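The block underneath contains the structure these notes are about, expressed in structure tokens.
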Amino acid sequence: MEDKDDEKELKRKLFQRISRIEKNARSKAIKDRKPFQGLQVKPTASFFDDSKRREPGENNWTGIGFDVNLWVTMISVAFLTVFIGLVLSFRQPAEVFFGRAFEIITHNFGWFLILTVNVLIIAAFFFAFSRFGKIRIGGRDAQPEFSTLAWFSMLLSAGMGIGLMFWSVGEPITHFHVPSPLFEAIEALTPEAAQAAMGVTFFHWGLHPWGVYSVVALGLAFFAFNRGLPLTIRSIFYPLLGEKIYGFWGDLIDIFSVLATLVGLATSLGLGVAQVNAGLNYLFGIQITLWVQIVLIASITAVATGSVILGLDGGVKRLSKLNMGLAALFMVFIVITGPTVYVLGGFTQNIGYYFGTLVHLSFWTETFRDTNWQGLWTVFYWAWWISWSPFVGMFIARISKGRTVREFIISVMFIPTLLSFVWMSVFGGSAIFLETTGEAQIYATVTEDVSTALFQMLAHFPLPLLLSFIGILLVVVFFITSSDSGSLVVDHLTSGGKLNSPVQQRVFWAIMEGIIASVLLAGGGLTTLQTASVATGLPFAVILLFIVYSLYLGLSQEHHINETVENEVEEFLEKERLTNIVEETIKDDEGEEASENDEPGDE
């Protein structure tokens, strides 16, 4: 018993010594770290957060039931108010203006958005497979808050949304009839056109959007959980701005984040309500008009407001579970009752085609053509994903503590991408099958109104009315959860990262999202929605490039500190092992000498 107690005491003392060495080594590593070189104001970031300890939202303005960062909120609201007033006052000129603005931005800056998204993809893989891959979000001893299965489920829920419902039939069918100019040798309505259509659709809904989300989410998670900074976009810029993230430059970054998030959400809500209107027209003959869509936005926003009041657990959580389960059953039913072998075979072949053409698709900029196909598709999508990145990134960051950088990037990029591929193969593949066999003429309706595409396809399946009703229900619930979650993110940004802000603030932002979506529809429909996303995504793309650099600086420091600590501990343990070996050797030598001295006496 005494030997065991002595052994425990030795282990305890050894552990204490290692802990002291780790602490001293980390402090020394921070003092000796290589200063930042580049755009920063001062090199103040460190593992221990040697910035001044600040509570999120400590300088907020409070009054009339609000608790907000005054400058971020006032400027964002003022900008949106002026925008809403101008569009409503000059509806016809606004429609012309948005159309022209979309053409100018996509034609002159489309290459920049394409290059930016590719940079983010490369950066994501670099962070995952370089020396930074072993860094753990939350520190070396951090444990995940959620099981791997639960984490994957939440990543999948982040990947589902109104966009997949809206475009899953309309986009593949459009590309099947009008192939991308990239495939100039391919004729429409051929097997080659079907393959190219699914390849381009996979491209738009594959790794690229999730590369954008993963970089933003990693930056938010790292600086929140490893540096103790507020979970806001401004915090990612700490290596570049230091304490100035709490001043003018931080406010400016969050203003851009708020505007990008609101417009990205409004685009999704606008598409969603157009699809709901199309479904109601199919089921009940309700006319497809602007006023019907505005009434729908108001009604669904009212329900979303109720969800906000109920809170995350009472509202969004339950709705999200319901929607994911319903979407899964919806998809399985289509697979079983539709062209099963065609869909499953297409899924397999489409993945191979996607990866085989990925590099060409990624860097094609339509330079040697006098067309603007990419403006309507790839550039719009990339700008849309960029404007959504604060929203999706913040959600992913919040649930990812305890994951390594490598695990984080690989999971965020590939798990939701796989789900998108499955969904697009089921719905897009089924639509193309119906067109090629002559059973349906979906494209004819898509050219008039793309929001009707899903319901036109469902008309050729068993129980079409029930399926259409489920489709409408899915879009409505996606609308509600997107509005509620989006209002939470915008509220978080405008309150300086406060975790518990007044409920009426989230209600205010939920109502504002509905108003913006209505105004954009009034200002020109789909073209206006696309223009708004591109116009806000373009300046935020510049912010994303700085995020890549700032995240690199932060991860470099973290790696340097961790490496220094590990070397110090290994050096100590090596000395400890050598000491033990020497002590054991001395004991053995002494034992041998004693044995030799005893031998003559024995004889």
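Ordered as shown in the structure tokens, chains take letters A, B, and onward, while each chain numbers its residues from 1 and ligands are numbered from 1 in the order shown.
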- Item | Near-A:Phe83 list (12 Å; only C-alpha atoms; drop same-chain fewer than 6 positions) as a PyMOL selection string | chain A and resi 76-77+89-91+94+259+263+515-516+519-520+523+532
* **Contacts of stretch 541-552 of chain A at 7 Å (only C-alpha atoms; same-chain gap of 4+ positions) as JSON, numbers by chain** => {"A": [113, 116, 123, 219, 236, 237, 239, 240, 386, 537, 556]}
Dump N, CA, C and O atoms for the selected residues as a PDB file, in the first residue's frame?
ATOM      1  N   LEU A 113     -15.298  38.348 -58.066  1.00  0.00           N
ATOM      2  CA  LEU A 113     -16.049  37.452 -57.193  1.00  0.00           C
ATOM      3  C   LEU A 113     -15.638  36.001 -57.416  1.00  0.00           C
ATOM      4  O   LEU A 113     -15.506  35.226 -56.459  1.00  0.00           O
ATOM      5  N   THR A 116     -12.212  35.577 -55.853  1.00  0.00           N
ATOM      6  CA  THR A 116     -12.305  35.613 -54.387  1.00  0.00           C
ATOM      7  C   THR A 116     -12.762  34.280 -53.826  1.00  0.00           C
ATOM      8  O   THR A 116     -12.170  33.759 -52.863  1.00  0.00           O
ATOM      9  N   ALA A 123      -7.680  28.662 -49.455  1.00  0.00           N
ATOM     10  CA  ALA A 123      -7.329  28.989 -48.065  1.00  0.00           C
ATOM     11  C   ALA A 123      -7.894  27.944 -47.115  1.00  0.00           C
ATOM     12  O   ALA A 123      -7.221  27.526 -46.155  1.00  0.00           O
ATOM     13  N   GLY A 219     -12.965  31.548 -38.695  1.00  0.00           N
ATOM     14  CA  GLY A 219     -12.490  32.798 -38.112  1.00  0.00           C
ATOM     15  C   GLY A 219     -13.298  33.191 -36.886  1.00  0.00           C
ATOM     16  O   GLY A 219     -12.739  33.560 -35.844  1.00  0.00           O
ATOM     17  N   ILE A 236     -12.662  38.919 -35.917  1.00  0.00           N
ATOM     18  CA  ILE A 236     -11.702  38.220 -36.778  1.00  0.00           C
ATOM     19  C   ILE A 236     -10.554  39.149 -37.172  1.00  0.00           C
ATOM     20  O   ILE A 236      -9.448  38.697 -37.483  1.00  0.00           O
ATOM     21  N   PHE A 237     -10.785  40.450 -37.081  1.00  0.00           N
ATOM     22  CA  PHE A 237      -9.781  41.416 -37.519  1.00  0.00           C
ATOM     23  C   PHE A 237      -8.853  41.863 -36.385  1.00  0.00           C
ATOM     24  O   PHE A 237      -8.093  42.808 -36.551  1.00  0.00           O
ATOM     25  N   PRO A 239      -6.040  40.584 -35.187  1.00  0.00           N
ATOM     26  CA  PRO A 239      -4.621  40.645 -35.528  1.00  0.00           C
ATOM     27  C   PRO A 239      -4.249  41.853 -36.390  1.00  0.00           C
ATOM     28  O   PRO A 239      -3.100  42.287 -36.387  1.00  0.00           O
ATOM     29  N   LEU A 240      -5.210  42.395 -37.130  1.00  0.00           N
ATOM     30  CA  LEU A 240      -4.933  43.533 -38.004  1.00  0.00           C
ATOM     31  C   LEU A 240      -5.197  44.870 -37.318  1.00  0.00           C
ATOM     32  O   LEU A 240      -4.473  45.837 -37.546  1.00  0.00           O
ATOM     33  N   ILE A 386     -21.671  34.755 -50.416  1.00  0.00           N
ATOM     34  CA  ILE A 386     -20.849  35.696 -49.649  1.00  0.00           C
ATOM     35  C   ILE A 386     -21.713  36.515 -48.696  1.00  0.00           C
ATOM     36  O   ILE A 386     -21.362  36.728 -47.536  1.00  0.00           O
ATOM     37  N   GLY A 537     -22.746  41.666 -51.907  1.00  0.00           N
ATOM     38  CA  GLY A 537     -21.702  40.641 -51.874  1.00  0.00           C
ATOM     39  C   GLY A 537     -20.358  41.149 -52.348  1.00  0.00           C
ATOM     40  O   GLY A 537     -19.311  40.706 -51.859  1.00  0.00           O
ATOM     41  N   SER A 556      -1.179  31.325 -37.032  1.00  0.00           N
ATOM     42  CA  SER A 556       0.290  31.244 -36.955  1.00  0.00           C
ATOM     43  C   SER A 556       0.768  31.439 -35.528  1.00  0.00           C
ATOM     44  O   SER A 556       1.644  30.708 -35.042  1.00  0.00           O
TER      45      SER A 556
END
Exercise. Can you pull out every residue within 12 Å of A:Gly199, counting only C-alpha atoms, but drop anything in the same chain fewer than 6 positions away, and send it as a VMD selection string?
Key: chain A and resid 171 to 172 175 to 176 179 to 180 182 to 183 192 to 193 205 to 206 346 to 358 360 to 362 421 424 to 425 428 to 429
Of A:Thr267, A:Thr232, A:Ser400, A:Thr528, the one sitting nearest A:Gln143 when using only C-alpha atoms is A:Ser400
If we count only C-alpha atoms and set the cut-off at 12 Å, which residues sit around A:Gly247, ignoring sequence neighbours fewer than 2 positions away in its own chain? Please answer as a PDB file with N, CA and C atoms, in the first residue's frame.
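Writing done, so here's around-v1.pdb:
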ATOM      1  N   ASN A  59     -20.540  48.930 -24.149  1.00  0.00           N
ATOM      2  CA  ASN A  59     -20.747  50.339 -24.478  1.00  0.00           C
ATOM      3  C   ASN A  59     -22.056  50.578 -25.226  1.00  0.00           C
ATOM      4  N   ASN A  69     -25.516  48.526 -30.130  1.00  0.00           N
ATOM      5  CA  ASN A  69     -24.411  49.383 -30.535  1.00  0.00           C
ATOM      6  C   ASN A  69     -25.034  50.493 -31.389  1.00  0.00           C
ATOM      7  N   LEU A  70     -25.009  51.699 -30.877  1.00  0.00           N
ATOM      8  CA  LEU A  70     -25.788  52.778 -31.475  1.00  0.00           C
ATOM      9  C   LEU A  70     -25.381  53.061 -32.910  1.00  0.00           C
ATOM     10  N   TRP A  71     -24.063  53.143 -33.171  1.00  0.00           N
ATOM     11  CA  TRP A  71     -23.612  53.516 -34.520  1.00  0.00           C
ATOM     12  C   TRP A  71     -23.931  52.436 -35.537  1.00  0.00           C
ATOM     13  N   VAL A  72     -23.671  51.181 -35.196  1.00  0.00           N
ATOM     14  CA  VAL A  72     -23.958  50.087 -36.135  1.00  0.00           C
ATOM     15  C   VAL A  72     -25.448  50.036 -36.455  1.00  0.00           C
ATOM     16  N   ARG A 234     -16.223  41.535 -36.563  1.00  0.00           N
ATOM     17  CA  ARG A 234     -15.119  42.445 -36.252  1.00  0.00           C
ATOM     18  C   ARG A 234     -14.001  41.744 -35.485  1.00  0.00           C
ATOM     19  N   SER A 235     -14.345  40.738 -34.686  1.00  0.00           N
ATOM     20  CA  SER A 235     -13.348  40.056 -33.857  1.00  0.00           C
ATOM     21  C   SER A 235     -12.287  39.347 -34.697  1.00  0.00           C
ATOM     22  N   TYR A 238      -8.907  41.164 -35.260  1.00  0.00           N
ATOM     23  CA  TYR A 238      -8.083  41.578 -34.134  1.00  0.00           C
ATOM     24  C   TYR A 238      -6.587  41.590 -34.463  1.00  0.00           C
ATOM     25  N   LEU A 241      -6.220  44.931 -36.488  1.00  0.00           N
ATOM     26  CA  LEU A 241      -6.650  46.207 -35.913  1.00  0.00           C
ATOM     27  C   LEU A 241      -6.399  46.329 -34.419  1.00  0.00           C
ATOM     28  N   GLY A 242      -6.146  45.224 -33.734  1.00  0.00           N
ATOM     29  CA  GLY A 242      -5.960  45.297 -32.293  1.00  0.00           C
ATOM     30  C   GLY A 242      -7.196  45.840 -31.611  1.00  0.00           C
ATOM     31  N   GLU A 243      -7.000  46.748 -30.653  1.00  0.00           N
ATOM     32  CA  GLU A 243      -8.111  47.308 -29.886  1.00  0.00           C
ATOM     33  C   GLU A 243      -9.058  48.147 -30.740  1.00  0.00           C
ATOM     34  N   LYS A 244      -8.636  48.492 -31.955  1.00  0.00           N
ATOM     35  CA  LYS A 244      -9.478  49.325 -32.820  1.00  0.00           C
ATOM     36  C   LYS A 244     -10.695  48.574 -33.364  1.00  0.00           C
ATOM     37  N   ILE A 245     -10.769  47.255 -33.099  1.00  0.00           N
ATOM     38  CA  ILE A 245     -11.995  46.557 -33.505  1.00  0.00           C
ATOM     39  C   ILE A 245     -13.187  47.060 -32.694  1.00  0.00           C
ATOM     40  N   TRP A 249     -13.479  51.268 -37.062  1.00  0.00           N
ATOM     41  CA  TRP A 249     -13.274  50.230 -38.068  1.00  0.00           C
ATOM     42  C   TRP A 249     -14.088  48.982 -37.745  1.00  0.00           C
ATOM     43  N   GLY A 250     -14.185  48.634 -36.478  1.00  0.00           N
ATOM     44  CA  GLY A 250     -15.016  47.501 -36.100  1.00  0.00           C
ATOM     45  C   GLY A 250     -16.486  47.749 -36.393  1.00  0.00           C
ATOM     46  N   ASP A 251     -16.950  48.970 -36.112  1.00  0.00           N
ATOM     47  CA  ASP A 251     -18.336  49.320 -36.418  1.00  0.00           C
ATOM     48  C   ASP A 251     -18.604  49.225 -37.919  1.00  0.00           C
ATOM     49  N   LEU A 252     -17.659  49.713 -38.716  1.00  0.00           N
ATOM     50  CA  LEU A 252     -17.824  49.682 -40.173  1.00  0.00           C
ATOM     51  C   LEU A 252     -17.924  48.244 -40.680  1.00  0.00           C
ATOM     52  N   ILE A 253     -17.081  47.359 -40.146  1.00  0.00           N
ATOM     53  CA  ILE A 253     -17.120  45.947 -40.543  1.00  0.00           C
ATOM     54  C   ILE A 253     -18.463  45.333 -40.193  1.00  0.00           C
ATOM     55  N   ASP A 254     -18.962  45.612 -38.997  1.00  0.00           N
ATOM     56  CA  ASP A 254     -20.247  45.040 -38.594  1.00  0.00           C
ATOM     57  C   ASP A 254     -21.416  45.634 -39.375  1.00  0.00           C
ATOM     58  N   GLY A 496     -23.348  44.189 -30.432  1.00  0.00           N
ATOM     59  CA  GLY A 496     -21.969  44.017 -30.007  1.00  0.00           C
ATOM     60  C   GLY A 496     -21.644  42.629 -29.525  1.00  0.00           C
TER      61      GLY A 496
END
### Task
Please identify which residues in stretch 82-173 of chain A DSSP calls alpha helix (DSSP H) from the backbone, and express them as a PyMOL selection string.
chain A and resi 82-89+91-129+148-159+162-173
